[in-house]
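Beneath this line is the structure, given in C-alpha cells, with notes to follow.
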Amino acid sequence: MASTAKPLLPGEANPLHSLDEWEEDVLERYPDPNAIAKDKSTEAYRNYETPARDTVKEFYRLNHTYQTFDFVKEKQNNFLKFDKKEMPVWDAFQFLNQLVDDSDPDTDLDQFQHLLQTSEAIRRDGHPEWMVMVGLMHDMGKTLCLFGEPQWAVVGDTFPVGCAYSDKIVYPEFFKNNPDYNDERYNTQYGMYKPNCGLRNVHMSWGHDEYVYQMMKDHLPEEGLYMLRYHSFYSWHREGEYSYLLDEHDKEMLKWVCLFNPYDLYSKNPTPPNWEELKPYYQKLVAKYLPATLKF
Ligand SMILES: [Fe+2]
Ligand SMILES: [Fe+2]
C-alpha cells in the first residue's frame, strides 16, 4: 500500500528566484570542457553559489518528493489535450517571455534570448536547419509556469517514473520522500516496464521537455524530437544510466541528444542577440516548419 506525500504548503512550490537557477546548477555539475563560457561559469557563478545552492536543493526536494507516477499521468491527461490556448507562433514567444522572475540582473537574459542564443550557436556550427529549429523551440514548454504549474513540475533534471531511481540523479536521497519509493509496483529495477522496452514506452517525470516534444512532434524529424524530449534527462545522456530500458533506436538517437546538450548549456552569453538583424531568417525558418498557430 502506497503512502502519500505530505501536501504542499503555500509558498513551498517555488523556491527558485528564477528558473535559470536550475540551469546554473546544471552548468556547475557539467561545466563546459572548452570553457567557452568561462567568464560566466567560473567567476560570476561563484559569487552567489551558496544562496543559489540552498534554493536549488529545496527545489529538488520538492521535485523528487512530488513527481510520482500518478502525478505524471495526471499532468499528461491535463496538458497533452492542448486545449488551454492557441496563438500565432510569434505571439507564443512573447507569451513565454512573460515568465519574468526576480533573477540576478547580472545573469538576466529573457527566455527568448536564451532560445535565440542556442539556435544561433547551432546555426554557426553549420548544423541542419531542423536543428536550428530545435534550438529555437526547446524551452517553449516552460510556458507551463504561466498556467500556474510549480517550478518543480516544469524544470529540473528529468527521470523515468514507475521504476527504481538511478542514484546518479542529482540529490537522490530525496527520492525516499516519494510515495513511489515504497510502492512495490514501481520500486524495482524495471518497475512497470519490460527490459529494453524503449524510452517511448517509459513515462518521464513531468516538465517542459515532454510538453514541448508533444507540441512539436508532427513538425520536426525524429532526431530533433529526441533532443526536445530528453534534453533534461541528464542521468541518461550525461551519466549513461538506464541502459536496461533502452532499445536499439534509443541507442541510435543518444548521439543526437548529446550533440544538442552543449548548445543549450554553453551558449549563454551576456550580449543579447540582435533580433532585428536575425528576424528575416527566423521568420522564414519558422514558417517552413510550423503551422501558423501553436496550441498550448
Ligand atoms: Fe530546457
Ligand atoms: Fe534551454
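How things are named: the first chain in the C-alpha cells is A, the next is B, and so on; residues count from 1 in each chain; ligands count from 1 in the order shown.
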Could you give me, as a PyMOL selection string, every polymer residue with an atom at most 12 Å away from an atom of ligand 2, counting only C-alpha atoms and all ligand atoms?
chain A and resi 19-24+26-27+109-119+134-142+155-157+208-209+212+227-228+230-232+260-268
Could you write those residues out with N, CA and C atoms, as a tab-separated table (two decimals), in the first residue's frame?
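Full text of again-v5.tsv as output:
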```tsv
chain	number	residue	atom	x	y	z
A	19	LEU	N	13.99	30.51	-12.88
A	19	LEU	CA	14.18	29.16	-13.44
A	19	LEU	C	15.64	28.94	-13.83
A	20	ASP	N	16.33	30.04	-14.12
A	20	ASP	CA	17.74	29.95	-14.50
A	20	ASP	C	18.61	29.35	-13.40
A	21	GLU	N	18.17	29.48	-12.16
A	21	GLU	CA	18.98	28.93	-11.06
A	21	GLU	C	19.18	27.43	-11.24
A	22	TRP	N	18.15	26.77	-11.76
A	22	TRP	CA	18.30	25.34	-12.03
A	22	TRP	C	19.37	25.13	-13.10
A	23	GLU	N	19.30	25.92	-14.18
A	23	GLU	CA	20.26	25.74	-15.28
A	23	GLU	C	21.69	26.08	-14.85
A	24	GLU	N	21.80	27.07	-13.96
A	24	GLU	CA	23.13	27.41	-13.46
A	24	GLU	C	23.70	26.26	-12.65
A	26	VAL	N	22.98	23.09	-13.15
A	26	VAL	CA	23.37	22.07	-14.14
A	26	VAL	C	24.75	22.40	-14.70
A	27	LEU	N	24.94	23.68	-14.97
A	27	LEU	CA	26.22	24.13	-15.53
A	27	LEU	C	27.38	23.90	-14.56
A	109	LEU	N	18.91	37.06	-18.82
A	109	LEU	CA	18.58	37.03	-20.24
A	109	LEU	C	17.16	36.50	-20.27
A	110	ASP	N	16.32	37.09	-21.11
A	110	ASP	CA	14.97	36.53	-21.10
A	110	ASP	C	14.95	35.19	-21.84
A	111	GLN	N	13.82	34.51	-21.75
A	111	GLN	CA	13.71	33.16	-22.32
A	111	GLN	C	13.97	33.17	-23.83
A	112	PHE	N	13.44	34.17	-24.50
A	112	PHE	CA	13.60	34.24	-25.95
A	112	PHE	C	15.07	34.42	-26.33
A	113	GLN	N	15.78	35.24	-25.53
A	113	GLN	CA	17.21	35.43	-25.81
A	113	GLN	C	17.98	34.11	-25.65
A	114	HIS	N	17.63	33.34	-24.64
A	114	HIS	CA	18.28	32.03	-24.47
A	114	HIS	C	17.99	31.12	-25.66
A	115	LEU	N	16.74	31.14	-26.10
A	115	LEU	CA	16.38	30.30	-27.26
A	115	LEU	C	17.18	30.73	-28.49
A	116	LEU	N	17.24	32.03	-28.71
A	116	LEU	CA	17.97	32.55	-29.88
A	116	LEU	C	19.48	32.28	-29.78
A	117	GLN	N	20.04	32.42	-28.60
A	117	GLN	CA	21.47	32.14	-28.46
A	117	GLN	C	21.76	30.67	-28.74
A	118	THR	N	20.85	29.81	-28.31
A	118	THR	CA	21.02	28.38	-28.56
A	118	THR	C	20.92	28.10	-30.06
A	119	SER	N	19.88	28.63	-30.70
A	119	SER	CA	19.69	28.34	-32.13
A	119	SER	C	20.80	28.97	-32.97
A	134	VAL	N	15.12	23.28	-33.39
A	134	VAL	CA	15.14	22.66	-32.05
A	134	VAL	C	15.68	23.67	-31.03
A	135	GLY	N	16.78	24.32	-31.40
A	135	GLY	CA	17.36	25.33	-30.50
A	135	GLY	C	16.35	26.43	-30.19
A	136	LEU	N	15.64	26.85	-31.21
A	136	LEU	CA	14.70	27.95	-31.06
A	136	LEU	C	13.48	27.58	-30.19
A	137	MET	N	13.09	26.33	-30.27
A	137	MET	CA	11.84	25.93	-29.59
A	137	MET	C	12.06	25.18	-28.27
A	138	HIS	N	13.28	24.79	-27.94
A	138	HIS	CA	13.45	23.72	-26.94
A	138	HIS	C	12.91	24.05	-25.55
A	139	ASP	N	12.80	25.32	-25.20
A	139	ASP	CA	12.28	25.64	-23.87
A	139	ASP	C	10.87	26.22	-23.90
A	140	MET	N	10.20	26.11	-25.04
A	140	MET	CA	8.84	26.66	-25.14
A	140	MET	C	7.91	26.02	-24.10
A	141	GLY	N	8.25	24.79	-23.69
A	141	GLY	CA	7.43	24.10	-22.69
A	141	GLY	C	7.43	24.78	-21.32
A	142	LYS	N	8.35	25.71	-21.12
A	142	LYS	CA	8.36	26.42	-19.83
A	142	LYS	C	7.12	27.29	-19.64
A	155	VAL	N	10.74	22.55	-14.65
A	155	VAL	CA	12.17	22.37	-14.94
A	155	VAL	C	12.78	21.36	-13.97
A	156	GLY	N	14.08	21.17	-14.08
A	156	GLY	CA	14.79	20.18	-13.27
A	156	GLY	C	15.17	18.99	-14.12
A	157	ASP	N	16.20	18.27	-13.72
A	157	ASP	CA	16.59	17.05	-14.45
A	157	ASP	C	15.38	16.11	-14.48
A	208	HIS	N	8.97	20.58	-18.84
A	208	HIS	CA	8.91	21.30	-20.12
A	208	HIS	C	9.42	20.49	-21.30
A	209	ASP	N	10.20	19.43	-21.05
A	209	ASP	CA	10.72	18.61	-22.15
A	209	ASP	C	9.61	17.83	-22.85
A	212	VAL	N	7.04	20.19	-24.64
A	212	VAL	CA	7.43	20.77	-25.94
A	212	VAL	C	7.58	19.67	-26.99
A	227	MET	N	15.97	15.28	-29.12
A	227	MET	CA	16.65	16.40	-28.46
A	227	MET	C	15.68	17.14	-27.54
A	228	LEU	N	14.47	17.37	-28.05
A	228	LEU	CA	13.48	18.10	-27.24
A	228	LEU	C	13.05	17.27	-26.04
A	230	TYR	N	14.29	14.71	-24.42
A	230	TYR	CA	15.21	14.20	-23.39
A	230	TYR	C	16.32	15.18	-23.04
A	231	HIS	N	16.15	16.47	-23.37
A	231	HIS	CA	17.28	17.37	-23.13
A	231	HIS	C	17.61	17.55	-21.65
A	232	SER	N	16.66	17.32	-20.75
A	232	SER	CA	16.97	17.42	-19.31
A	232	SER	C	17.17	16.05	-18.65
A	260	PHE	N	23.07	18.01	-29.02
A	260	PHE	CA	22.32	19.22	-28.69
A	260	PHE	C	22.71	19.83	-27.35
A	261	ASN	N	22.95	19.00	-26.35
A	261	ASN	CA	23.09	19.48	-24.97
A	261	ASN	C	24.09	20.64	-24.78
A	262	PRO	N	25.30	20.57	-25.36
A	262	PRO	CA	26.23	21.68	-25.15
A	262	PRO	C	25.72	23.03	-25.68
A	263	TYR	N	24.92	23.00	-26.72
A	263	TYR	CA	24.37	24.26	-27.24
A	263	TYR	C	23.41	24.88	-26.23
A	264	ASP	N	22.66	24.05	-25.55
A	264	ASP	CA	21.74	24.53	-24.52
A	264	ASP	C	22.54	25.07	-23.34
A	265	LEU	N	23.50	24.28	-22.88
A	265	LEU	CA	24.23	24.65	-21.65
A	265	LEU	C	25.26	25.76	-21.85
A	266	TYR	N	25.95	25.74	-22.97
A	266	TYR	CA	27.14	26.58	-23.07
A	266	TYR	C	27.01	27.77	-24.03
A	267	SER	N	25.81	28.02	-24.52
A	267	SER	CA	25.68	29.14	-25.46
A	267	SER	C	25.31	30.44	-24.77
A	268	LYS	N	25.07	30.41	-23.46
A	268	LYS	CA	24.64	31.63	-22.76
A	268	LYS	C	25.74	32.67	-22.77
```
Show which residues sit within 10 Å of Cys145 in chain A, as a PDB file with C-alpha atoms, in the first residue's frame. Count only C-alpha atoms, and ignore same-chain residues fewer than 6 positions away.
```
ATOM      1  CA  LEU A  19      14.184  29.158 -13.443  1.00  0.00           C
ATOM      2  CA  LEU A  96       6.885  32.693 -22.915  1.00  0.00           C
ATOM      3  CA  GLN A  98       6.059  36.895 -19.625  1.00  0.00           C
ATOM      4  CA  LEU A  99       7.983  34.470 -17.468  1.00  0.00           C
ATOM      5  CA  GLN A 151       8.768  25.179 -10.795  1.00  0.00           C
ATOM      6  CA  TRP A 152       9.438  21.553  -9.793  1.00  0.00           C
ATOM      7  CA  ALA A 153       6.859  20.420 -12.380  1.00  0.00           C
ATOM      8  CA  VAL A 154       8.379  22.488 -15.195  1.00  0.00           C
ATOM      9  CA  VAL A 155      12.171  22.371 -14.941  1.00  0.00           C
ATOM     10  CA  GLY A 207       8.130  19.017 -17.208  1.00  0.00           C
ATOM     11  CA  HIS A 208       8.913  21.299 -20.118  1.00  0.00           C
TER      12      HIS A 208
END
```
Which residues are close to range 233-240 of chain A, i.e. within 8 Å by only C-alpha atoms, leaving aside same-chain residues fewer than 2 positions away? Reply as JSON, numbers by chain.
{"A": [157, 158, 159, 166, 168, 169, 230, 231, 242, 243, 254, 257, 258]}
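If you measure from each of A:Leu199, A:Phe296, A:Met204, A:Pro280 to Leu146 in chain A using only C-alpha atoms, the closest one turns out to be A:Phe296.
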As a ChimeraX atom specification, which residues of range 11-186 of chain A does DSSP assign to alpha helix (DSSP H)?
/A:20-29,38,45-47,49-66,69-79,89-96,111-124,129-137
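Minimum atom-to-atom distances from A:Val89, A:Leu16, A:Leu290, A:Lys84 to Met216 in chain A were compared using only C-alpha atoms, and the lowest value belongs to A:Leu290.
Counting only C-alpha atoms and all ligand atoms and comparing A:Glu241, A:Glu210, A:Glu223, A:Asp247, the residue that lies closest to ligand 1 is A:Glu210.
The nearest approach to Asp180 in chain A among the residues A:Thr68, A:Gln283, A:Ser18, A:Thr55, with only C-alpha atoms taken into account, belongs to A:Thr68.
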Name the residues in contact with Asn201 in chain A at a cut-off of 10 Å, using only C-alpha atoms, excluding same-chain residues fewer than 4 positions from it; report them as a PyMOL selection string.
chain A and resi 193-194+196-197+245-246
Which is closer to ligand 1 than all the others in A:Thr143, A:Pro195, A:Lys255, A:Asn187, using only C-alpha atoms and all ligand atoms?
A:Thr143
Using only C-alpha atoms, the best pick from A:Gly224, A:Pro33, A:Gly198, A:Pro172 as closest to Thr65 in chain A would be A:Pro172
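Put simply, CA of His64 in chain A is 23.0 Å away from CA of Gln214 in chain A.
The space separating CA of Pro128 in chain A from CA of Phe95 in chain A comes to 27.1 Å.
By chain and then residue number, the residues within 12 Å of Phe69 in chain A are Ala2, Lys75, Gln76, Phe159, Pro160, Val161, Gly162, Cys163, Ala164, Asn178, Pro179, Asp180, Tyr181, Asp183, Arg185, Tyr186, Asn187, Gly191, Met192, Val202, His203, Met204, Ser205 and Trp206 of chain A, counting only C-alpha atoms and disregarding those fewer than 6 positions away in sequence.
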Generate a file of the selected residues that holds C-alpha atoms, formatted as a PDB file, in the first residue's frame.
```
ATOM      1  CA  ALA A   2       1.473   3.340  -1.043  1.00  0.00           C
ATOM      2  CA  LYS A  75      -0.326  16.141 -15.915  1.00  0.00           C
ATOM      3  CA  GLN A  76      -0.246  14.243 -19.213  1.00  0.00           C
ATOM      4  CA  PHE A 159      13.980  10.835 -14.880  1.00  0.00           C
ATOM      5  CA  PRO A 160      11.807   7.762 -15.510  1.00  0.00           C
ATOM      6  CA  VAL A 161       8.908   7.270 -13.120  1.00  0.00           C
ATOM      7  CA  GLY A 162       7.347   3.869 -12.465  1.00  0.00           C
ATOM      8  CA  CYS A 163      10.676   2.136 -11.828  1.00  0.00           C
ATOM      9  CA  ALA A 164      13.632   2.467  -9.435  1.00  0.00           C
ATOM     10  CA  ASN A 178       8.416   9.953  -2.841  1.00  0.00           C
ATOM     11  CA  PRO A 179       5.463   7.596  -2.219  1.00  0.00           C
ATOM     12  CA  ASP A 180       6.546   5.513  -5.251  1.00  0.00           C
ATOM     13  CA  TYR A 181       9.800   4.700  -3.451  1.00  0.00           C
ATOM     14  CA  ASP A 183       5.421   1.113  -3.763  1.00  0.00           C
ATOM     15  CA  ARG A 185       4.758  -1.814  -8.357  1.00  0.00           C
ATOM     16  CA  TYR A 186       7.335   0.868  -9.042  1.00  0.00           C
ATOM     17  CA  ASN A 187      10.414   0.355  -6.891  1.00  0.00           C
ATOM     18  CA  GLY A 191       9.138  -1.493 -12.160  1.00  0.00           C
ATOM     19  CA  MET A 192       6.228  -1.402 -14.570  1.00  0.00           C
ATOM     20  CA  VAL A 202       8.717   4.931 -20.402  1.00  0.00           C
ATOM     21  CA  HIS A 203       6.994   7.767 -18.564  1.00  0.00           C
ATOM     22  CA  MET A 204       9.370  10.565 -17.661  1.00  0.00           C
ATOM     23  CA  SER A 205       8.956  12.963 -14.758  1.00  0.00           C
ATOM     24  CA  TRP A 206       6.690  15.760 -15.944  1.00  0.00           C
TER      25      TRP A 206
END
```
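CA of Asp250 in chain A sits 26.8 Å away from CA of Glu184 in chain A.
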